[in-house]
file upload28.cif (mmCIF, C-alpha atoms)
data_start
#
loop_
_atom_site.group_PDB
_atom_site.id
_atom_site.type_symbol
_atom_site.label_atom_id
_atom_site.label_comp_id
_atom_site.auth_asym_id
_atom_site.auth_seq_id
_atom_site.Cartn_x
_atom_site.Cartn_y
_atom_site.Cartn_z
ATOM 1 C CA MET A 1 13.152 79.393 55.560
ATOM 2 C CA ALA A 2 16.666 80.847 55.213
ATOM 3 C CA ILE A 3 18.041 77.340 54.660
ATOM 4 C CA ILE A 4 15.518 76.735 51.879
ATOM 5 C CA PHE A 5 16.521 79.956 50.126
ATOM 6 C CA LEU A 6 20.195 79.014 50.482
ATOM 7 C CA LEU A 7 19.555 75.613 48.924
ATOM 8 C CA LEU A 8 17.630 77.195 46.065
ATOM 9 C CA ALA A 9 20.488 79.633 45.455
ATOM 10 C CA LEU A 10 23.009 76.815 45.376
ATOM 11 C CA VAL A 11 20.882 74.864 42.913
ATOM 12 C CA MET A 12 20.603 77.904 40.654
ATOM 13 C CA LEU A 13 24.339 78.583 40.790
ATOM 14 C CA GLY A 14 25.166 74.989 39.979
ATOM 15 C CA GLY A 15 22.514 74.644 37.329
ATOM 16 C CA SER A 16 24.746 75.398 34.365
ATOM 17 C CA ASN A 17 26.647 72.137 34.655
ATOM 18 C CA ALA A 18 24.366 70.142 36.953
ATOM 19 C CA GLN A 19 23.345 67.847 34.109
ATOM 20 C CA LEU A 20 26.855 67.052 32.877
ATOM 21 C CA SER A 21 27.821 63.482 33.671
ATOM 22 C CA PRO A 22 30.280 60.900 32.298
ATOM 23 C CA THR A 23 27.301 58.531 31.989
ATOM 24 C CA PHE A 24 25.022 61.000 30.180
ATOM 25 C CA TYR A 25 24.872 58.824 27.039
ATOM 26 C CA ALA A 26 24.847 55.481 28.852
ATOM 27 C CA ASN A 27 21.377 54.630 27.564
ATOM 28 C CA THR A 28 21.155 56.724 24.397
ATOM 29 C CA CYS A 29 24.632 56.193 22.881
ATOM 30 C CA PRO A 30 26.562 53.794 25.120
ATOM 31 C CA ASN A 31 29.454 53.271 22.670
ATOM 32 C CA VAL A 32 30.117 56.945 21.937
ATOM 33 C CA THR A 33 33.599 56.941 23.487
ATOM 34 C CA SER A 34 34.781 53.922 21.519
ATOM 35 C CA ILE A 35 33.267 55.338 18.312
ATOM 36 C CA VAL A 36 35.159 58.613 18.720
ATOM 37 C CA ARG A 37 38.329 56.757 19.645
ATOM 38 C CA VAL A 38 38.250 54.584 16.506
ATOM 39 C CA VAL A 39 37.933 57.655 14.273
ATOM 40 C CA LEU A 40 40.787 59.436 16.052
ATOM 41 C CA GLU A 41 43.036 56.374 16.043
ATOM 42 C CA GLN A 42 42.695 56.296 12.260
ATOM 43 C CA ALA A 43 43.100 60.066 11.872
ATOM 44 C CA VAL A 44 46.289 60.278 13.923
ATOM 45 C CA GLN A 45 47.971 57.886 11.494
ATOM 46 C CA ASN A 46 47.732 60.601 8.836
ATOM 47 C CA ASP A 47 48.015 63.675 11.050
ATOM 48 C CA ILE A 48 50.054 63.398 14.237
ATOM 49 C CA ARG A 49 48.786 66.857 15.235
ATOM 50 C CA ILE A 50 45.116 65.856 15.330
ATOM 51 C CA GLY A 51 44.924 65.626 19.146
ATOM 52 C CA ALA A 52 46.543 69.036 19.583
ATOM 53 C CA LYS A 53 44.184 70.527 16.996
ATOM 54 C CA ILE A 54 41.068 69.235 18.743
ATOM 55 C CA ILE A 55 42.048 70.302 22.260
ATOM 56 C CA ARG A 56 42.919 73.765 20.954
ATOM 57 C CA ALA A 57 39.486 74.010 19.319
ATOM 58 C CA HIS A 58 37.787 72.873 22.540
ATOM 59 C CA PHE A 59 39.692 75.478 24.553
ATOM 60 C CA HIS A 60 38.887 78.280 22.113
ATOM 61 C CA ASP A 61 35.236 77.195 22.031
ATOM 62 C CA CYS A 62 34.895 77.202 25.815
ATOM 63 C CA MET A 63 36.530 80.627 26.192
ATOM 64 C CA VAL A 64 33.697 82.277 24.219
ATOM 65 C CA ASP A 65 30.299 81.955 25.930
ATOM 66 C CA GLY A 66 31.168 78.520 27.271
ATOM 67 C CA CYS A 67 31.552 75.045 25.760
ATOM 68 C CA ASP A 68 28.696 75.174 23.269
ATOM 69 C CA GLY A 69 30.204 74.313 19.885
ATOM 70 C CA SER A 70 29.742 77.898 18.649
ATOM 71 C CA LEU A 71 33.298 77.910 17.274
ATOM 72 C CA LEU A 72 32.303 75.315 14.681
ATOM 73 C CA LEU A 73 29.538 77.373 13.050
ATOM 74 C CA ASP A 74 30.107 78.821 9.574
ATOM 75 C CA ASP A 75 28.803 82.197 8.438
ATOM 76 C CA ASP A 76 25.036 81.971 7.926
ATOM 77 C CA ALA A 77 23.507 85.297 6.920
ATOM 78 C CA ALA A 78 19.987 83.877 6.809
ATOM 79 C CA ASN A 79 20.193 83.039 10.508
ATOM 80 C CA GLY A 80 22.279 86.045 11.535
ATOM 81 C CA ILE A 81 25.382 83.995 12.319
ATOM 82 C CA VAL A 82 28.773 85.654 11.896
ATOM 83 C CA SER A 83 31.353 82.909 12.348
ATOM 84 C CA GLU A 84 33.925 82.921 15.135
ATOM 85 C CA LYS A 85 36.324 81.189 12.736
ATOM 86 C CA ASP A 86 37.167 84.361 10.844
ATOM 87 C CA THR A 87 38.918 86.156 13.719
ATOM 88 C CA PRO A 88 42.707 86.019 14.320
ATOM 89 C CA PRO A 89 42.574 83.538 17.232
ATOM 90 C CA ASN A 90 40.600 81.024 15.156
ATOM 91 C CA GLN A 91 41.797 81.476 11.590
ATOM 92 C CA THR A 92 44.265 78.609 12.044
ATOM 93 C CA ILE A 93 41.786 76.236 13.719
ATOM 94 C CA GLU A 94 41.734 73.104 11.551
ATOM 95 C CA VAL A 95 39.108 70.707 12.862
ATOM 96 C CA ASP A 96 36.179 70.901 10.435
ATOM 97 C CA ASN A 97 37.082 67.655 8.674
ATOM 98 C CA ILE A 98 37.873 65.570 11.752
ATOM 99 C CA VAL A 99 34.777 66.818 13.590
ATOM 100 C CA ALA A 100 32.670 65.951 10.523
ATOM 101 C CA ASP A 101 34.194 62.460 10.422
ATOM 102 C CA ILE A 102 33.455 61.910 14.109
ATOM 103 C CA LYS A 103 29.962 63.350 13.789
ATOM 104 C CA THR A 104 29.155 61.056 10.847
ATOM 105 C CA ALA A 105 30.324 57.980 12.751
ATOM 106 C CA VAL A 106 28.363 58.964 15.853
ATOM 107 C CA GLU A 107 25.224 59.850 13.877
ATOM 108 C CA ASN A 108 25.326 56.470 12.145
ATOM 109 C CA ALA A 109 25.160 54.796 15.550
ATOM 110 C CA CYS A 110 23.059 57.276 17.519
ATOM 111 C CA PRO A 111 21.199 59.773 15.305
ATOM 112 C CA GLY A 112 20.435 63.150 16.869
ATOM 113 C CA VAL A 113 21.871 62.333 20.283
ATOM 114 C CA VAL A 114 25.472 63.503 20.722
ATOM 115 C CA SER A 115 26.298 67.210 20.489
ATOM 116 C CA CYS A 116 29.175 68.786 18.613
ATOM 117 C CA ALA A 117 30.262 70.456 21.862
ATOM 118 C CA ASP A 118 30.595 67.027 23.477
ATOM 119 C CA ILE A 119 32.519 65.738 20.465
ATOM 120 C CA LEU A 120 35.139 68.434 21.093
ATOM 121 C CA ALA A 121 35.306 67.602 24.809
ATOM 122 C CA LEU A 122 35.497 63.858 24.300
ATOM 123 C CA GLY A 123 37.861 64.184 21.347
ATOM 124 C CA SER A 124 40.212 66.272 23.495
ATOM 125 C CA GLN A 125 40.467 63.561 26.123
ATOM 126 C CA ILE A 126 41.027 60.805 23.585
ATOM 127 C CA GLY A 127 43.575 62.874 21.660
ATOM 128 C CA VAL A 128 45.553 63.437 24.854
ATOM 129 C CA SER A 129 45.469 59.765 25.798
ATOM 130 C CA LEU A 130 46.556 58.661 22.298
ATOM 131 C CA ALA A 131 49.647 60.864 22.723
ATOM 132 C CA GLY A 132 50.560 59.176 26.020
ATOM 133 C CA GLY A 133 48.725 61.523 28.342
ATOM 134 C CA PRO A 134 46.152 60.791 31.035
ATOM 135 C CA THR A 135 42.728 59.243 30.567
ATOM 136 C CA TRP A 136 39.714 60.589 32.413
ATOM 137 C CA GLN A 137 35.946 60.342 32.527
ATOM 138 C CA VAL A 138 34.649 63.344 30.569
ATOM 139 C CA PRO A 139 31.463 64.937 31.935
ATOM 140 C CA LEU A 140 28.994 64.961 29.013
ATOM 141 C CA GLY A 141 25.569 66.336 28.216
ATOM 142 C CA ARG A 142 26.386 69.680 26.586
ATOM 143 C CA ARG A 143 24.104 70.934 23.872
ATOM 144 C CA ASP A 144 24.999 73.054 20.860
ATOM 145 C CA SER A 145 24.425 76.780 20.559
ATOM 146 C CA ARG A 146 22.280 78.282 17.831
ATOM 147 C CA THR A 147 24.416 81.424 17.739
ATOM 148 C CA ALA A 148 28.038 82.510 17.452
ATOM 149 C CA ASN A 149 29.796 85.418 19.133
ATOM 150 C CA GLN A 150 32.549 86.742 16.898
ATOM 151 C CA ALA A 151 33.265 89.733 19.140
ATOM 152 C CA GLY A 152 33.695 87.382 22.091
ATOM 153 C CA THR A 153 36.793 85.824 20.533
ATOM 154 C CA SER A 154 38.771 88.751 21.939
ATOM 155 C CA GLY A 155 38.617 86.832 25.229
ATOM 156 C CA ILE A 156 40.683 83.956 23.833
ATOM 157 C CA PRO A 157 44.288 84.105 25.097
ATOM 158 C CA SER A 158 46.706 85.350 22.455
ATOM 159 C CA PRO A 159 50.392 84.403 22.127
ATOM 160 C CA PHE A 160 51.065 88.149 22.316
ATOM 161 C CA ASP A 161 49.312 88.710 25.670
ATOM 162 C CA ASP A 162 51.389 89.843 28.611
ATOM 163 C CA PHE A 163 51.186 87.843 31.826
ATOM 164 C CA SER A 164 48.563 89.987 33.544
ATOM 165 C CA GLU A 165 46.305 89.910 30.483
ATOM 166 C CA LEU A 166 46.666 86.140 30.284
ATOM 167 C CA GLN A 167 45.632 85.766 33.907
ATOM 168 C CA ARG A 168 42.690 88.136 33.463
ATOM 169 C CA LYS A 169 41.287 86.126 30.560
ATOM 170 C CA PHE A 170 41.334 82.970 32.681
ATOM 171 C CA ARG A 171 39.636 84.728 35.596
ATOM 172 C CA ASP A 172 36.998 86.185 33.293
ATOM 173 C CA VAL A 173 35.636 82.710 32.522
ATOM 174 C CA GLY A 174 35.903 81.432 36.082
ATOM 175 C CA LEU A 175 39.163 79.526 35.721
ATOM 176 C CA ASP A 176 41.936 79.796 38.286
ATOM 177 C CA ASP A 177 44.625 82.214 37.102
ATOM 178 C CA SER A 178 47.450 80.121 38.534
ATOM 179 C CA THR A 179 46.784 76.370 38.673
ATOM 180 C CA ASP A 180 44.335 76.123 35.753
ATOM 181 C CA LEU A 181 46.486 78.512 33.744
ATOM 182 C CA VAL A 182 49.679 76.482 34.195
ATOM 183 C CA ALA A 183 47.998 73.091 33.804
ATOM 184 C CA LEU A 184 46.025 73.937 30.669
ATOM 185 C CA SER A 185 49.058 75.639 29.126
ATOM 186 C CA GLY A 186 50.672 72.218 29.429
ATOM 187 C CA ALA A 187 48.632 71.180 26.377
ATOM 188 C CA HIS A 188 51.477 72.887 24.502
ATOM 189 C CA THR A 189 53.483 69.760 25.223
ATOM 190 C CA PHE A 190 52.361 68.610 21.768
ATOM 191 C CA GLY A 191 51.437 70.330 18.532
ATOM 192 C CA ARG A 192 53.024 73.108 16.509
ATOM 193 C CA ALA A 193 53.034 76.902 16.334
ATOM 194 C CA ARG A 194 53.461 79.240 13.377
ATOM 195 C CA CYS A 195 56.479 81.536 13.039
ATOM 196 C CA GLY A 196 54.183 84.534 13.190
ATOM 197 C CA THR A 197 53.284 83.740 16.803
ATOM 198 C CA PHE A 198 56.835 83.939 18.171
ATOM 199 C CA ARG A 199 59.089 85.605 15.574
ATOM 200 C CA HIS A 200 59.036 88.866 17.573
ATOM 201 C CA ARG A 201 60.913 87.109 20.407
ATOM 202 C CA ILE A 202 63.885 85.970 18.313
ATOM 203 C CA GLY A 203 67.010 87.911 19.182
ATOM 204 C CA THR A 204 65.128 90.394 21.379
ATOM 205 C CA ASP A 205 63.491 88.512 24.267
ATOM 206 C CA THR A 206 65.896 88.093 27.186
ATOM 207 C CA THR A 207 63.770 85.275 28.609
ATOM 208 C CA LEU A 208 64.494 83.170 25.504
ATOM 209 C CA ASP A 209 67.595 80.955 25.663
ATOM 210 C CA PRO A 210 70.138 82.451 23.191
ATOM 211 C CA THR A 211 71.024 79.118 21.603
ATOM 212 C CA PHE A 212 67.357 78.246 21.179
ATOM 213 C CA SER A 213 66.755 81.722 19.775
ATOM 214 C CA GLU A 214 69.416 81.081 17.101
ATOM 215 C CA VAL A 215 67.754 77.801 16.146
ATOM 216 C CA LEU A 216 64.386 79.521 15.867
ATOM 217 C CA GLY A 217 65.994 82.272 13.764
ATOM 218 C CA GLN A 218 67.024 79.647 11.222
ATOM 219 C CA ILE A 219 63.517 78.196 11.105
ATOM 220 C CA CYS A 220 61.860 81.611 11.021
ATOM 221 C CA PRO A 221 64.249 84.116 9.412
ATOM 222 C CA VAL A 222 63.408 87.811 9.243
ATOM 223 C CA GLY A 223 61.017 88.378 6.360
ATOM 224 C CA GLY A 224 60.245 84.664 6.131
ATOM 225 C CA ASN A 225 56.904 82.878 5.895
ATOM 226 C CA ASP A 226 54.816 83.445 9.007
ATOM 227 C CA ASN A 227 52.970 80.154 8.455
ATOM 228 C CA VAL A 228 56.014 77.885 8.766
ATOM 229 C CA LEU A 229 55.445 75.500 11.683
ATOM 230 C CA THR A 230 57.771 74.445 14.467
ATOM 231 C CA ASN A 231 57.344 72.271 17.559
ATOM 232 C CA LEU A 232 55.830 73.786 20.689
ATOM 233 C CA ASP A 233 57.853 71.265 22.714
ATOM 234 C CA SER A 234 61.348 70.871 21.295
ATOM 235 C CA LEU A 235 62.130 67.813 23.460
ATOM 236 C CA THR A 236 59.240 65.413 22.732
ATOM 237 C CA PRO A 237 57.062 67.251 20.209
ATOM 238 C CA ASP A 238 54.386 64.606 19.680
ATOM 239 C CA ASP A 239 54.178 63.161 23.208
ATOM 240 C CA PHE A 240 51.888 64.387 25.944
ATOM 241 C CA ASP A 241 54.271 64.621 28.902
ATOM 242 C CA SER A 242 55.775 67.080 31.382
ATOM 243 C CA ASN A 243 58.736 68.135 29.242
ATOM 244 C CA TYR A 244 56.933 71.369 28.394
ATOM 245 C CA TYR A 245 57.662 72.553 31.939
ATOM 246 C CA ILE A 246 61.304 71.516 31.760
ATOM 247 C CA ASN A 247 61.530 73.642 28.629
ATOM 248 C CA LEU A 248 60.195 76.621 30.590
ATOM 249 C CA GLN A 249 62.805 76.091 33.317
ATOM 250 C CA ASN A 250 65.467 76.205 30.594
ATOM 251 C CA ASN A 251 64.036 79.339 28.927
ATOM 252 C CA ARG A 252 62.933 77.277 25.946
ATOM 253 C CA GLY A 253 59.244 78.030 26.020
ATOM 254 C CA LEU A 254 58.299 78.778 22.423
ATOM 255 C CA LEU A 255 55.528 81.298 22.969
ATOM 256 C CA GLN A 256 55.843 84.453 25.039
ATOM 257 C CA THR A 257 52.793 83.374 27.042
ATOM 258 C CA ASP A 258 54.370 80.009 27.800
ATOM 259 C CA GLN A 259 57.662 81.398 29.063
ATOM 260 C CA SER A 260 55.932 84.087 31.117
ATOM 261 C CA LEU A 261 54.580 81.374 33.423
ATOM 262 C CA PHE A 262 58.127 80.770 34.660
ATOM 263 C CA SER A 263 59.976 84.012 33.908
ATOM 264 C CA THR A 264 57.583 86.534 35.474
ATOM 265 C CA THR A 265 59.321 87.564 38.696
ATOM 266 C CA GLY A 266 57.365 86.593 41.805
ATOM 267 C CA ALA A 267 54.469 85.088 39.838
ATOM 268 C CA SER A 268 52.269 82.495 41.560
ATOM 269 C CA THR A 269 52.725 80.274 38.516
ATOM 270 C CA VAL A 270 56.473 79.731 38.989
ATOM 271 C CA PRO A 271 56.265 77.133 41.800
ATOM 272 C CA ILE A 272 53.531 75.297 39.874
ATOM 273 C CA VAL A 273 55.786 75.058 36.812
ATOM 274 C CA ASN A 274 58.507 73.632 39.069
ATOM 275 C CA ARG A 275 56.066 71.123 40.586
ATOM 276 C CA PHE A 276 54.968 69.824 37.211
ATOM 277 C CA ALA A 277 58.536 69.695 35.886
ATOM 278 C CA ASN A 278 59.459 67.498 38.846
ATOM 279 C CA SER A 279 56.371 65.277 38.769
ATOM 280 C CA GLN A 280 54.581 64.198 35.620
ATOM 281 C CA SER A 281 51.933 62.434 37.692
ATOM 282 C CA ASP A 282 51.215 65.707 39.522
ATOM 283 C CA PHE A 283 50.856 67.451 36.165
ATOM 284 C CA PHE A 284 48.560 64.749 34.788
ATOM 285 C CA ASP A 285 46.306 64.765 37.858
ATOM 286 C CA THR A 286 46.020 68.540 37.858
ATOM 287 C CA PHE A 287 45.562 68.706 34.095
ATOM 288 C CA VAL A 288 42.598 66.330 34.290
ATOM 289 C CA GLN A 289 40.862 68.490 36.892
ATOM 290 C CA SER A 290 41.608 71.666 34.948
ATOM 291 C CA MET A 291 40.193 70.109 31.770
ATOM 292 C CA ILE A 292 37.019 69.275 33.682
ATOM 293 C CA ASN A 293 36.923 72.859 34.963
ATOM 294 C CA LEU A 294 37.313 74.107 31.399
ATOM 295 C CA GLY A 295 34.579 71.828 30.118
ATOM 296 C CA ASN A 296 32.211 73.048 32.828
ATOM 297 C CA ILE A 297 32.234 76.655 31.598
ATOM 298 C CA SER A 298 28.603 77.646 30.910
ATOM 299 C CA PRO A 299 27.397 74.566 29.026
ATOM 300 C CA LEU A 300 23.957 74.529 27.463
ATOM 301 C CA THR A 301 21.936 71.707 28.994
ATOM 302 C CA GLY A 302 18.372 70.475 29.267
ATOM 303 C CA SER A 303 16.214 72.094 26.593
ATOM 304 C CA ASN A 304 18.679 74.914 25.846
ATOM 305 C CA GLY A 305 20.355 74.901 22.453
ATOM 306 C CA GLU A 306 20.071 71.866 20.189
ATOM 307 C CA ILE A 307 21.868 68.761 18.958
ATOM 308 C CA ARG A 308 23.199 69.830 15.571
ATOM 309 C CA THR A 309 23.064 67.336 12.732
ATOM 310 C CA ASN A 310 25.873 69.181 10.945
ATOM 311 C CA CYS A 311 28.347 70.811 13.309
ATOM 312 C CA ARG A 312 28.942 73.703 10.918
ATOM 313 C CA ARG A 313 25.335 74.926 10.798
ATOM 314 C CA ILE A 314 22.283 75.085 13.002
ATOM 315 C CA ASN A 315 19.428 72.680 12.300
#
call {"tool": "encode", "arguments": {"input": "upload28.cif", "output": "structure tokens"}}
result
Amino acid sequence: MAIIFLLLALVMLGGSNAQLSPTFYANTCPNVTSIVRVVLEQAVQNDIRIGAKIIRAHFHDCMVDGCDGSLLLDDDAANGIVSEKDTPPNQTIEVDNIVADIKTAVENACPGVVSCADILALGSQIGVSLAGGPTWQVPLGRRDSRTANQAGTSGIPSPFDDFSELQRKFRDVGLDDSTDLVALSGAHTFGRARCGTFRHRIGTDTTLDPTFSEVLGQICPVGGNDNVLTNLDSLTPDDFDSNYYINLQNNRGLLQTDQSLFSTTGASTVPIVNRFANSQSDFFDTFVQSMINLGNISPLTGSNGEIRTNCRRIN
């Protein structure tokens, strides 16, 4: 009898992601991956940042009540929805148009089948691979939430968090505060950041290389425009590779939260940064597993949630 109860407990604990599978759409939308890839291949020709934008949106979505597409919802007073987009972590999320383009293409092939949450997950993988990063089989089968949680966006890591706060936010959603933290931070190997997210470090932060600090001071002068963009990875800004970690070793991490992974004395993250700097294949392998871990945070499956027709509003 005890064994039966143990098995039941294990089933209940694993139930949140038990239905996620790379072959979830094998019968209902078998070409979904190629459809998403075609849209992204076209989009990246006009916006080299598109992959970085999508993976950031996926991460921010998953950090608030799990990977349920809630980030994509607009304000909807009639249905009591207060958008997550209007909070500081998400005000610079720019994926509405690309998600709509992907959703339209998928709906044309497989109406009412593929969720917006899965579009973010699948789009993240394809965006990474188009930038030279790893390819992996994305577990699919998430459904879309019918609610948003604006207050919950306080759990999204901020570029102003100290190291302990950063670790806590990862632990709070069930991610490892060392390996997952370092691997997922590696997504900053491509994309851009606004001056307002790192200006406070220029000329004051001793963990920032002085020469690099001078360069950043020219890009983001005191009193300048906070929305000016600069590369997260100064070595290979549009490639998904391990140079992000080499930057950290050289005190050239752009964000405070990036550099803290290497410059926090005695931190468990330091040897992981060194590992990934020395082995891109190690980084890629670990990144894939950490992305799967991220995507497994509290998905809606089965009859929970819905498959939105328009990712910005509930059906």
call {"tool": "residues_around", "arguments": {"input": "upload28.cif", "residues": "A:Gly141", "least_positions_apart": "5", "cutoff": "10 Å", "atoms": "all atoms listed in the file", "output": "short mmCIF file (atom, residue, chain, number, x, y, z; two decimals) with C-alpha atoms, keeping the file's coordinate frame"}}
result
data_model
loop_
_atom_site.label_atom_id
_atom_site.label_comp_id
_atom_site.auth_asym_id
_atom_site.auth_seq_id
_atom_site.Cartn_x
_atom_site.Cartn_y
_atom_site.Cartn_z
CA ASN A 17 26.65 72.14 34.66
CA ALA A 18 24.37 70.14 36.95
CA GLN A 19 23.34 67.85 34.11
CA LEU A 20 26.86 67.05 32.88
CA SER A 21 27.82 63.48 33.67
CA PRO A 22 30.28 60.90 32.30
CA THR A 23 27.30 58.53 31.99
CA PHE A 24 25.02 61.00 30.18
CA TYR A 25 24.87 58.82 27.04
CA VAL A 113 21.87 62.33 20.28
CA VAL A 114 25.47 63.50 20.72
CA SER A 115 26.30 67.21 20.49
CA ALA A 117 30.26 70.46 21.86
CA ASP A 118 30.60 67.03 23.48
CA PRO A 299 27.40 74.57 29.03
CA LEU A 300 23.96 74.53 27.46
CA THR A 301 21.94 71.71 28.99
CA GLY A 302 18.37 70.47 29.27
#
call {"tool": "axis_aligned_box", "arguments": {"input": "upload28.cif", "around": "stretch 128-133 of chain A", "padding_each_side": "3 Å", "output": "lines of an AutoDock Vina configuration file"}}
result
center_x = 48.0
center_y = 61.0
center_z = 25.3
size_x = 11.1
size_y = 10.8
size_z = 12.0
call {"tool": "atom_distance", "arguments": {"input": "upload28.cif", "atom1": "atom CA of A:Ile81", "atom2": "atom CA of A:Thr104"}}
result
23.3 Å
call {"tool": "resolve_selection", "arguments": {"input": "upload28.cif", "expression": "the PyMOL selection byres ((chain A and resi 235-237) around 9)", "output": "ChimeraX atom specification"}}
result
/A:189-192,231-234,238-241,243-244,247
call {"tool": "closest_residue", "arguments": {"input": "upload28.cif", "among": "A:Arg252, A:Ala148, A:Phe163, A:Ser242", "to": "A:Thr265", "atoms": "only C-alpha atoms"}}
result
A:Phe163
call {"tool": "resolve_selection", "arguments": {"input": "upload28.cif", "expression": "the PyMOL selection byres ((chain A and resi 271) around 12)", "output": "list of chain:residue names"}}
result
A:Ser178, A:Thr179, A:Val182, A:Tyr245, A:Leu248, A:Gln249, A:Leu261, A:Phe262, A:Ser263, A:Thr264, A:Thr265, A:Gly266, A:Ala267, A:Ser268, A:Thr269, A:Val270, A:Ile272, A:Val273, A:Asn274, A:Arg275, A:Phe276, A:Ala277, A:Asn278
call {"tool": "atom_distance", "arguments": {"input": "upload28.cif", "atom1": "atom CA of A:Arg199", "atom2": "atom CA of A:Cys220"}}
result
6.7 Å
call {"tool": "atom_distance", "arguments": {"input": "upload28.cif", "atom1": "atom CA of A:Gln42", "atom2": "atom CA of A:Asp75"}}
result
29.6 Å
call {"tool": "residues_around", "arguments": {"input": "upload28.cif", "residues": "A:Gly51", "least_positions_apart": "5", "cutoff": "8 Å", "atoms": "all atoms listed in the file", "output": "number ranges by chain"}}
result
A: 44, 123-124, 126-128, 130-131
call {"tool": "resolve_selection", "arguments": {"input": "upload28.cif", "expression": "the PyMOL selection byres ((chain A and resi 229) around 9)", "output": "list of chain:residue names"}}
result
A:Arg192, A:Ala193, A:Arg194, A:Cys195, A:Ile219, A:Cys220, A:Asp226, A:Asn227, A:Val228, A:Thr230, A:Asn231
call {"tool": "closest_atom_pairs", "arguments": {"input": "upload28.cif", "of": "stretch 154-230 of chain A", "to": "stretch 85-88 of chain A", "cutoff": "12 Å", "atoms": "only C-alpha atoms", "output": "Markdown table"}}
result
| residue | atom | partner | partner_atom | distance |
| --- | --- | --- | --- | --- |
| A:Ser154 | CA | A:Thr87 | CA | 8.6 |
| A:Gly155 | CA | A:Thr87 | CA | 11.5 |
| A:Ile156 | CA | A:Pro88 | CA | 9.9 |
| A:Pro157 | CA | A:Pro88 | CA | 11.1 |
| A:Ser158 | CA | A:Pro88 | CA | 9.1 |
| A:Pro159 | CA | A:Pro88 | CA | 11.1 |
| A:Phe160 | CA | A:Pro88 | CA | 11.8 |
| A:Gly196 | CA | A:Pro88 | CA | 11.6 |
| A:Thr197 | CA | A:Pro88 | CA | 11.1 |
call {"tool": "closest_residue", "arguments": {"input": "upload28.cif", "among": "A:Gln125, A:Ser260, A:Asp101, A:Lys53", "to": "A:Thr206", "atoms": "all atoms listed in the file"}}
result
A:Ser260
call {"tool": "closest_residue", "arguments": {"input": "upload28.cif", "among": "A:Asn97, A:Ser185, A:Gln150, A:Gln137", "to": "A:Phe287", "atoms": "only C-alpha atoms"}}
result
A:Ser185
call {"tool": "closest_residue", "arguments": {"input": "upload28.cif", "among": "A:Asn90, A:Ser298, A:Thr33, A:Thr135", "to": "A:Ile119", "atoms": "all atoms listed in the file"}}
result
A:Thr33
call {"tool": "closest_atom_pairs", "arguments": {"input": "upload28.cif", "of": "stretch 171-259 of chain A", "to": "stretch 62-72 of chain A", "cutoff": "10 Å", "atoms": "all atoms listed in the file", "output": "JSON lines"}}
result
{"residue": "A:Asp172", "atom": "CA", "partner": "A:Met63", "partner_atom": "CA", "distance": 9.0}
{"residue": "A:Val173", "atom": "CA", "partner": "A:Met63", "partner_atom": "CA", "distance": 6.7}
{"residue": "A:Gly174", "atom": "CA", "partner": "A:Met63", "partner_atom": "CA", "distance": 9.9}
{"residue": "A:Leu175", "atom": "CA", "partner": "A:Met63", "partner_atom": "CA", "distance": 9.9}
call {"tool": "decode", "arguments": {"input": "upload28.cif", "residues": "stretch 106-129 of chain A", "atoms": "C-alpha atoms", "output": "PDB file, in the first residue's frame"}}
result
ATOM      1  CA  VAL A 106       0.747  28.306 -37.731  1.00  0.00           C
ATOM      2  CA  GLU A 107      -3.007  28.969 -37.642  1.00  0.00           C
ATOM      3  CA  ASN A 108      -3.149  28.838 -41.435  1.00  0.00           C
ATOM      4  CA  ALA A 109      -1.718  25.323 -41.301  1.00  0.00           C
ATOM      5  CA  CYS A 110      -3.175  24.030 -38.038  1.00  0.00           C
ATOM      6  CA  PRO A 111      -6.081  26.142 -36.738  1.00  0.00           C
ATOM      7  CA  GLY A 112      -6.606  26.131 -32.975  1.00  0.00           C
ATOM      8  CA  VAL A 113      -3.834  23.660 -32.202  1.00  0.00           C
ATOM      9  CA  VAL A 114      -0.549  25.336 -31.236  1.00  0.00           C
ATOM     10  CA  SER A 115      -0.393  27.549 -28.144  1.00  0.00           C
ATOM     11  CA  CYS A 116       1.260  30.934 -27.852  1.00  0.00           C
ATOM     12  CA  ALA A 117       3.314  29.582 -24.941  1.00  0.00           C
ATOM     13  CA  ASP A 118       4.721  26.886 -27.227  1.00  0.00           C
ATOM     14  CA  ILE A 119       5.441  29.470 -29.918  1.00  0.00           C
ATOM     15  CA  LEU A 120       7.706  31.285 -27.446  1.00  0.00           C
ATOM     16  CA  ALA A 121       9.449  28.045 -26.450  1.00  0.00           C
ATOM     17  CA  LEU A 122       9.924  26.821 -29.998  1.00  0.00           C
ATOM     18  CA  GLY A 123      10.850  30.276 -31.273  1.00  0.00           C
ATOM     19  CA  SER A 124      13.557  30.505 -28.604  1.00  0.00           C
ATOM     20  CA  GLN A 125      15.199  27.304 -29.777  1.00  0.00           C
ATOM     21  CA  ILE A 126      15.069  28.283 -33.435  1.00  0.00           C
ATOM     22  CA  GLY A 127      16.336  31.796 -32.707  1.00  0.00           C
ATOM     23  CA  VAL A 128      19.326  30.352 -30.863  1.00  0.00           C
ATOM     24  CA  SER A 129      20.120  27.901 -33.646  1.00  0.00           C
TER      25      SER A 129
END
